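Notes follow the structure.
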Amino acid sequence: MGILNITPDSFSDGAELARSDRSEFRFDRDKVLFKAAQMVRDGALILDVGGESTRPGASPVPVDEELDRTIPVLEILRAEFDVLLSIDTSTPEVMSAALAAGAGLVNDVRALTCAGAMQVVAEAQAAPAVCLMHMQGQPVSMQETFSYGSVVDEVFSFLKQRLADTEQAGVERSRVLVDPGFGFGKSVEHNYELLRRLAEFHELGAPILVGVSRKSMIGAVTGRSVDRRLSGSIAATSLALQAGAHIIR
């Protein structure tokens, strides 16, 4: 899964594809197409488009702004590439518009817990896939106030319940992925415990998506800045693949 952050403030590539100049927000069409083409050439089967940063400390983005950031990009990608398009959002209005624009996967860090989100996915005519991620707290403060008895048990239980909830809402189990949420309301130790025991999540009966690229858990071990964490990211990703991860973000 290749990532296209259409935001000015994402932690690893903020402002690479988009810039905010006073009240005006713009994305660079040529840069978006170039990066998307590069990722597809490198083997990406999914392109994940996000218009709201969920890095630690990030503030929410108004719905209209998130729509303006993501929908034109999805339309451009749909016309140019024959790959699965994903929308990284928790907002029902954005989900609905993105599905209409050609997205086939909803990647939700809040696991369809926002009011109306479950309904959008369950009632969508295109029957999109959905990824349910675990996050304790909200991005603006999630790395300040988290607590677990057993992080693996609690993340597992949360995802198990959300799988049951989506199925009850009418979403076929075959359409659902799970993501343990590395770096979302978890300490470095929590993240590596999840990675060490990742294989246990196969008991949920859903494909596993893992996103560890350039995150603070890599920097904590390597001592390297975000732009120098490629080797560490590859190592952590290799461990996830050995544990049976199905999708790497």
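To be explicit about the labels: the chains of the structure tokens are called A, B, and onward in the order shown, and within each one the residues are counted from 1, while ligands get numbers from 1 in the order they are shown.
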
>> Taking only segment 5-179 of chain A into account, list the residues labelled alpha helix (DSSP H) by DSSP (computed from the backbone), as a count of residues only.
In response: 65

> Leaving out segment 79-91 of chain A and any residue of its chain fewer than 6 positions from it, which residues lie within 6 Å of it when counting only C-alpha atoms, given as a PyMOL selection string?
Replying inline: chain A and resi 45-50+103-108

> Where does DSSP see strand (DSSP E) in segment 6-243 of chain A, if you list the residues as a PyMOL selection string?
Replying inline: chain A and resi 18-21+24-27+46-50+84-88+105-108+129-133+176-179+209-210

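Of the residues listed (A:Ser96, A:Ser157, A:Thr7, A:Thr113), A:Thr7 shows the shortest atom-to-atom separation from Arg69 of chain A; distances use only C-alpha atoms.
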
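In terms of minimum interatomic distance to Ile3 of chain A, A:Lys35 ranks closest within A:Lys35, A:Arg26, A:Arg196, A:Arg175, counting only C-alpha atoms.
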
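Using only C-alpha atoms, the smallest distance between any of A:Val221, A:Leu198, A:Leu99, A:Val176 and Val130 of chain A comes from A:Val176.
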
>> List the spatial neighbours of segment 145-156 of chain A as an NGL selection string - criterion: any atom at most 9 Å away, only C-alpha atoms, same-chain residues fewer than 2 positions off excluded.
In response: :A and (134-137 or 141-143 or 158-161 or 180-181 or 185-187 or 190-191 or 193-194 or 197-198 or 200-201 or 204)
